[in-house]
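Shown here: my_file_8.cif, mmCIF, C-alpha atoms and all ligand atoms.
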```
data_my_file
#
loop_
_atom_site.label_atom_id
_atom_site.label_comp_id
_atom_site.auth_asym_id
_atom_site.auth_seq_id
_atom_site.Cartn_x
_atom_site.Cartn_y
_atom_site.Cartn_z
CA MET K 1 152.31 134.96 187.64
CA SER K 2 150.28 138.13 188.15
CA LYS K 3 149.99 139.71 191.60
CA LYS K 4 147.23 138.72 193.95
CA ILE K 5 144.78 141.44 194.85
CA ILE K 6 143.01 142.49 198.04
CA ILE K 7 139.95 144.70 197.52
CA GLY K 8 138.37 146.31 200.58
CA ASN K 9 134.66 147.03 200.34
CA TRP K 10 133.82 149.73 202.87
CA LYS K 11 130.11 149.58 201.93
CA MET K 12 128.17 152.54 203.46
CA ASN K 13 130.92 153.33 206.00
CA PRO K 14 132.33 155.30 207.75
CA LEU K 15 129.92 158.03 208.74
CA THR K 16 132.05 161.14 208.25
CA PRO K 17 134.65 162.34 205.74
CA LYS K 18 137.06 162.82 208.63
CA ASP K 19 136.76 159.17 209.64
CA ALA K 20 137.10 158.07 206.01
CA GLU K 21 140.32 160.04 205.64
CA LYS K 22 141.65 158.71 208.93
CA LEU K 23 140.95 155.09 207.99
CA PHE K 24 142.43 155.53 204.52
CA LYS K 25 145.54 157.25 205.88
CA ASN K 26 146.03 154.48 208.44
CA ILE K 27 145.75 151.81 205.77
CA ALA K 28 148.04 153.77 203.42
CA GLU K 29 150.69 154.00 206.10
CA LEU K 30 150.50 150.33 206.99
CA VAL K 31 150.71 149.12 203.39
CA SER K 32 153.50 151.47 202.36
CA ARG K 33 156.06 148.65 202.12
CA VAL K 34 153.83 146.13 200.37
CA LYS K 35 155.33 145.05 197.06
CA LYS K 36 153.72 141.89 195.81
CA THR K 37 150.01 142.54 196.37
CA ASP K 38 147.67 144.89 194.56
CA ILE K 39 145.47 146.81 196.98
CA VAL K 40 142.16 148.51 196.25
CA ILE K 41 139.80 150.36 198.56
CA CYS K 42 136.21 150.74 197.36
CA ALA K 43 134.81 153.70 199.28
CA PRO K 44 131.45 155.49 199.14
CA PHE K 45 131.20 157.89 196.17
CA ILE K 46 131.31 161.07 198.25
CA TYR K 47 134.68 160.22 199.80
CA LEU K 48 136.52 159.23 196.63
CA ASP K 49 137.58 162.70 195.58
CA ARG K 50 139.17 163.57 198.89
CA LEU K 51 140.79 160.14 199.23
CA THR K 52 142.59 160.59 195.89
CA LYS K 53 144.34 163.56 197.46
CA ILE K 54 145.97 161.39 200.12
CA ARG K 55 149.37 160.40 198.78
CA THR K 56 149.93 156.68 198.37
CA SER K 57 151.37 154.71 195.51
CA LYS K 58 150.12 151.44 196.95
CA ILE K 59 146.35 151.83 196.99
CA LYS K 60 144.04 152.18 194.01
CA LEU K 61 140.58 153.54 194.59
CA GLY K 62 137.32 151.97 193.57
CA ALA K 63 133.60 152.74 193.74
CA GLN K 64 130.83 150.38 194.79
CA ASP K 65 128.51 150.98 191.83
CA SER K 66 128.27 153.05 188.67
CA PHE K 67 125.75 153.78 185.94
CA GLY K 68 125.95 152.24 182.46
CA LEU K 69 126.27 155.50 180.50
CA ASP K 70 128.64 158.46 180.67
CA THR K 71 126.36 161.43 180.87
CA GLY K 72 122.74 162.46 180.45
CA PRO K 73 119.37 162.84 182.14
CA PHE K 74 119.76 160.20 184.86
CA THR K 75 118.96 161.92 188.13
CA GLY K 76 120.94 160.64 191.06
CA GLU K 77 123.28 158.40 189.05
CA ILE K 78 127.08 158.52 188.92
CA SER K 79 128.76 157.63 185.66
CA PRO K 80 131.87 155.49 185.22
CA GLU K 81 133.51 158.33 183.27
CA MET K 82 132.97 160.68 186.25
CA LEU K 83 134.51 158.10 188.54
CA TYR K 84 137.51 157.65 186.26
CA ASN K 85 137.93 161.41 186.03
CA ILE K 86 138.25 161.81 189.79
CA GLY K 87 140.76 158.97 190.05
CA ALA K 88 138.81 155.76 190.65
CA ARG K 89 140.13 152.78 188.76
CA TYR K 90 137.89 149.94 189.95
CA VAL K 91 134.18 149.53 190.50
CA ILE K 92 132.28 146.78 192.31
CA LEU K 93 129.24 145.80 190.24
CA GLY K 94 126.42 143.39 190.98
CA HIS K 95 127.07 143.17 194.69
CA SER K 96 124.45 140.97 196.38
CA GLU K 97 123.32 143.93 198.49
CA ARG K 98 122.46 145.80 195.28
CA ARG K 99 120.92 142.73 193.68
CA ALA K 100 118.70 142.50 196.78
CA MET K 101 117.53 146.06 195.97
CA GLY K 102 116.38 144.87 192.55
CA GLU K 103 119.47 145.03 190.36
CA THR K 104 119.21 142.48 187.53
CA ASN K 105 121.86 140.70 185.48
CA GLU K 106 120.72 142.76 182.50
CA LEU K 107 121.35 146.04 184.31
CA ILE K 108 124.67 144.82 185.68
CA ASN K 109 125.67 143.90 182.11
CA LYS K 110 125.09 147.52 181.01
CA LYS K 111 127.11 148.78 183.96
CA ILE K 112 130.00 146.44 183.14
CA LYS K 113 130.05 147.68 179.54
CA GLY K 114 129.99 151.29 180.73
CA ALA K 115 132.80 150.68 183.21
CA LEU K 116 135.01 148.98 180.60
CA ALA K 117 134.39 151.79 178.11
CA SER K 118 135.54 154.32 180.72
CA GLY K 119 138.67 152.43 181.69
CA LEU K 120 137.46 151.15 185.05
CA VAL K 121 138.09 147.56 186.11
CA PRO K 122 134.68 146.03 186.91
CA VAL K 123 134.67 143.72 189.91
CA LEU K 124 131.67 141.56 189.10
CA CYS K 125 130.14 139.93 192.18
CA VAL K 126 128.40 136.60 191.72
CA GLY K 127 127.12 134.13 194.27
CA GLU K 128 124.13 132.11 195.36
CA ASN K 129 121.82 133.06 198.23
CA GLN K 130 121.89 129.54 199.59
CA ARG K 131 123.19 126.07 198.86
CA ASP K 132 120.69 123.37 197.99
CA GLU K 133 121.08 119.61 197.85
CA ASN K 134 120.44 119.50 194.11
CA HIS K 135 123.37 121.83 193.47
CA GLU K 136 121.13 124.36 191.72
CA TYR K 137 123.52 127.01 193.00
CA PHE K 138 125.95 126.17 190.22
CA ASN K 139 123.30 127.09 187.66
CA ILE K 140 122.56 130.34 189.49
CA VAL K 141 126.20 131.41 189.28
CA LYS K 142 126.43 130.23 185.66
CA THR K 143 123.42 132.36 184.69
CA GLN K 144 124.81 135.37 186.54
CA ILE K 145 128.10 135.09 184.65
CA ASN K 146 126.57 134.45 181.24
CA GLU K 147 124.02 137.24 181.51
CA CYS K 148 126.28 139.80 183.18
CA LEU K 149 129.02 139.20 180.60
CA ASP K 150 126.72 139.02 177.60
CA GLY K 151 128.27 140.78 174.61
CA ILE K 152 131.63 141.31 176.36
CA SER K 153 134.52 140.63 173.99
CA LYS K 154 137.25 138.08 174.60
CA ASN K 155 139.73 140.92 175.00
CA SER K 156 137.67 142.71 177.62
CA ASN K 157 137.06 139.49 179.51
CA SER K 158 140.56 139.50 180.99
CA LYS K 159 140.11 143.11 182.19
CA ILE K 160 137.33 142.05 184.55
CA ILE K 161 137.65 140.64 188.05
CA ILE K 162 135.08 138.12 189.19
CA ALA K 163 134.35 138.03 192.91
CA TYR K 164 132.68 134.87 194.14
CA GLU K 165 130.64 135.93 197.16
CA PRO K 166 128.23 133.29 198.45
CA VAL K 167 125.56 135.47 200.04
CA TRP K 168 125.06 133.01 202.92
CA ALA K 169 128.68 133.61 203.97
CA ILE K 170 128.60 137.43 203.97
CA SER K 171 128.99 138.82 207.48
CA THR K 172 125.70 140.73 207.53
CA THR K 173 123.53 137.84 206.27
CA LEU K 174 121.03 136.56 208.83
CA ASN K 175 122.14 133.11 210.06
CA GLN K 176 125.46 133.63 208.28
CA LYS K 177 127.56 130.47 207.80
CA ASP K 178 131.25 130.37 207.02
CA ALA K 179 132.18 129.00 203.61
CA THR K 180 135.20 126.72 203.45
CA PRO K 181 138.13 127.02 201.07
CA MET K 182 136.83 123.80 199.51
CA ASP K 183 133.41 125.39 198.82
CA CYS K 184 135.30 128.21 197.18
CA GLU K 185 137.72 126.10 195.16
CA GLU K 186 134.92 123.98 193.77
CA MET K 187 133.08 127.11 192.59
CA VAL K 188 136.25 128.68 191.18
CA ILE K 189 136.82 125.57 189.04
CA PHE K 190 133.20 125.78 187.89
CA ILE K 191 133.46 129.51 187.07
CA LYS K 192 136.62 128.86 185.01
CA LYS K 193 134.71 126.21 183.06
CA VAL K 194 131.79 128.60 182.44
CA LEU K 195 134.22 131.25 181.22
CA ALA K 196 136.09 128.79 179.01
CA ASP K 197 132.79 127.67 177.45
CA LYS K 198 131.84 131.30 176.84
CA PHE K 199 135.12 132.82 175.66
CA GLY K 200 137.12 129.78 174.54
CA ALA K 201 139.59 127.71 176.50
CA LYS K 202 142.56 129.69 175.18
CA THR K 203 141.24 133.08 176.30
CA GLU K 204 142.97 134.58 179.32
CA CYS K 205 140.84 133.98 182.39
CA PRO K 206 139.89 136.99 184.56
CA LYS K 207 141.16 137.09 188.12
CA ILE K 208 138.73 135.30 190.42
CA ILE K 209 138.64 136.43 194.03
CA TYR K 210 136.65 135.40 197.11
CA GLY K 211 134.54 137.43 199.52
CA GLY K 212 132.36 136.39 202.45
CA SER K 213 133.41 137.26 206.00
CA VAL K 214 137.09 136.98 205.13
CA ASN K 215 139.15 137.62 208.25
CA THR K 216 142.68 137.37 209.55
CA LYS K 217 142.12 133.74 210.60
CA ASP K 218 140.90 132.32 207.29
CA ALA K 219 142.44 134.63 204.64
CA GLY K 220 145.45 132.34 204.23
CA ASP K 221 143.25 129.26 203.89
CA PHE K 222 141.20 130.85 201.12
CA LEU K 223 144.29 132.12 199.31
CA ASN K 224 146.04 128.77 199.68
CA GLY K 225 143.22 126.31 199.23
CA GLY K 226 140.42 128.32 197.61
CA GLY K 227 142.00 128.58 194.17
CA VAL K 228 141.59 132.36 194.12
CA ASP K 229 143.71 135.29 192.97
CA GLY K 230 142.70 137.51 195.85
CA LEU K 231 140.09 138.48 198.42
CA LEU K 232 137.27 140.98 198.87
CA PRO K 233 136.94 141.68 202.60
CA GLY K 234 134.04 143.85 203.70
CA ARG K 235 133.87 144.24 207.47
CA ALA K 236 137.59 143.50 207.92
CA SER K 237 138.48 146.39 205.61
CA LEU K 238 137.04 148.88 208.11
CA ASN K 239 139.82 148.10 210.55
CA ALA K 240 143.22 149.20 209.27
CA ASN K 241 145.14 146.62 211.33
CA LYS K 242 142.92 143.71 210.32
CA PHE K 243 143.03 144.78 206.69
CA MET K 244 146.82 144.98 206.88
CA GLU K 245 147.00 141.50 208.43
CA ILE K 246 145.09 140.14 205.44
CA VAL K 247 147.39 141.99 203.04
CA LYS K 248 150.42 140.63 204.91
CA ILE K 249 149.13 137.08 204.65
CA CYS K 250 148.65 137.59 200.92
CA GLU K 251 152.07 139.19 200.55
CA ALA K 252 153.72 136.20 202.23
CA LEU K 253 152.00 133.80 199.82
CA ASN K 254 152.75 135.81 196.67
CA LYS K 255 155.89 134.45 195.06
C1 LIG J 301 130.96 141.89 200.99
O1 LIG J 301 129.76 142.06 201.23
O2 LIG J 301 131.49 142.27 199.93
C2 LIG J 301 131.73 141.17 202.00
C3 LIG J 301 132.54 140.27 201.60
O3 LIG J 301 131.48 141.53 203.29
P1 LIG J 301 132.01 140.78 204.62
O4 LIG J 301 133.49 140.54 204.43
O5 LIG J 301 131.71 141.73 205.70
O6 LIG J 301 131.25 139.49 204.68
#
```

Please re-express this file's structure in structure tokens.
Amino acid sequence: MSKKIIIGNWKMNPLTPKDAEKLFKNIAELVSRVKKTDIVICAPFIYLDRLTKIRTSKIKLGAQDSFGLDTGPFTGEISPEMLYNIGARYVILGHSERRAMGETNELINKKIKGALASGLVPVLCVGENQRDENHEYFNIVKTQINECLDGISKNSNSKIIIAYEPVWAISTTLNQKDATPMDCEEMVIFIKKVLADKFGAKTECPKIIYGGSVNTKDAGDFLNGGGVDGLLPGRASLNANKFMEIVKICEALNK
């Protein structure tokens, strides 16, 4: 069985390079003995270069967005090739906070293709804004997956990570509500079915992870009962001790 993975999403934090280095160093020290869990920190672009210089064999670096093409007249954009060249290996794409700024499935699809072509692992975020009685939220997630993965080959499919992040459960959402491991498991089963319909039942399924206010109290429940291969904590990844607790919980469950 492949290792479980914990991916920290720092979002637009912390405020200074000094604080970013301090947080990263603290996490690196705490996770130095971890063996059975893959660990990724997705930091703001401007910190990535200096974080790669901090020695750790346990943490891979990731970005929180990237453009769909390698180079060219795209003012303000950062390409996946540039990210790979400075040492990033993962990139979060289609996060709900970017979708809320206007990012479409079509654009995310281009970004996923660009990331794969540059050797980055795309962490595709999907998730509904709210749950409705008619279960329309399943269709929303299905459309996100089908459109974001349009034209992706069977082989590339297994190189992607899918993060199920119900927007209503993310810590910064107004009137946030906690999702349950059962909510998660049900969606994971559905996502696997959507992927099997798209790529064939025999195609290796991507890792599916969960994000949405994951904390030290519920990480074990999601890993145990949510049917996932890992977690994507946001807020909890800004505290080295809390992040380590989550990694420890994962490590204890990894066989
Ligand atoms: C996120 O937005 O990716 C996330 C999961 O954040 P939080 O853990 O803070 O809800």

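All protein, DNA and RNA residues at most 9 Å from (132.9, 153.6, 198.9) are K:Asn9, K:Trp10, K:Lys11, K:Met12, K:Asn13, K:Ile41, K:Cys42, K:Ala43, K:Pro44, K:Phe45, K:Ile46, K:Tyr47, K:Leu48, K:Leu61, K:Gly62, K:Ala63, K:Gln64, K:Asp65, using only C-alpha atoms.
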
For Ile7 (chain K): contacts at 8 Å, all atoms listed in the file, fewer than 5 positions along chain excluded, given as a ChimeraX atom specification: /K:39-42,230-233

Cut-off 6 Å, all atoms listed in the file, neighbours of ligand LIG 301 (chain J) as number ranges by chain: K: 9, 170-171, 211-214, 232-235

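Separating CA of Ala196 (chain K) from CA of Val228 (chain K) is a distance of 16.5 Å.
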
Nearest-residue call for Ser32 (chain K), choices K:Ala169, K:Ala163, K:Ile59, K:Leu15, using only C-alpha atoms: K:Ile59

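Using all atoms listed in the file, the shortest contact distance between Ile152 (chain K) and any of K:Met244, K:Lys198, K:Val31, K:Gly102 is found at K:Lys198.
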
Region 126-134 of chain K environment, 12 Å, only C-alpha atoms, sequence neighbours closer than 3 positions dropped, as a PyMOL selection string: chain K and resi 92-100+104-105+108+123+137-149+161-170+173-179+183-184+187-188+191+208-212

K:Ile5, K:Ala115, K:Ile54, K:Leu120 ranked by distance to Thr37 (chain K), top pick (using all atoms listed in the file): K:Ile5

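Comparing the minimum interatomic distances between Asp38 (chain K) and each of K:Leu107, K:Ala88, K:Ile6, K:Leu195, counting all atoms listed in the file, we find that K:Ile6 sits nearest.
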
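Comparing K:Thr216, K:Asn241, K:Ser57, K:Asn155 by their smallest distance to Lys202 (chain K), the closest is K:Asn155 (using all atoms listed in the file).
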
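Going from CA of Lys159 (chain K) to CA of Ile112 (chain K) covers 10.7 Å.
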
Pick from K:Phe67, K:Thr16, K:Gly87, K:Lys207 nearest to Leu124 (chain K), counting all atoms listed in the file: K:Lys207

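The space between CA of Lys4 (chain K) and CA of Ser158 (chain K) spans 14.6 Å.
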
Shell of 10 Å around Ile27 (chain K), all atoms listed in the file, local chain residues under 2 positions omitted, as a list in words: Glu21, Lys22, Leu23, Phe24, Lys25, Glu29, Leu30, Val31, Ser32, Ile41, Thr56, Lys58, Ile59, Ser237, Leu238, Asn239, Ala240, Asn241, Lys242, Phe243 and Met244 of chain K

Box dimensions and centre (Å, one decimal) enclosing region 42-52 of chain K, axis-aligned, 6 Å extra per side, as lines of an AutoDock Vina configuration file:
```
center_x = 136.9
center_y = 157.2
center_z = 197.7
size_x = 23.4
size_y = 24.8
size_z = 16.2
```
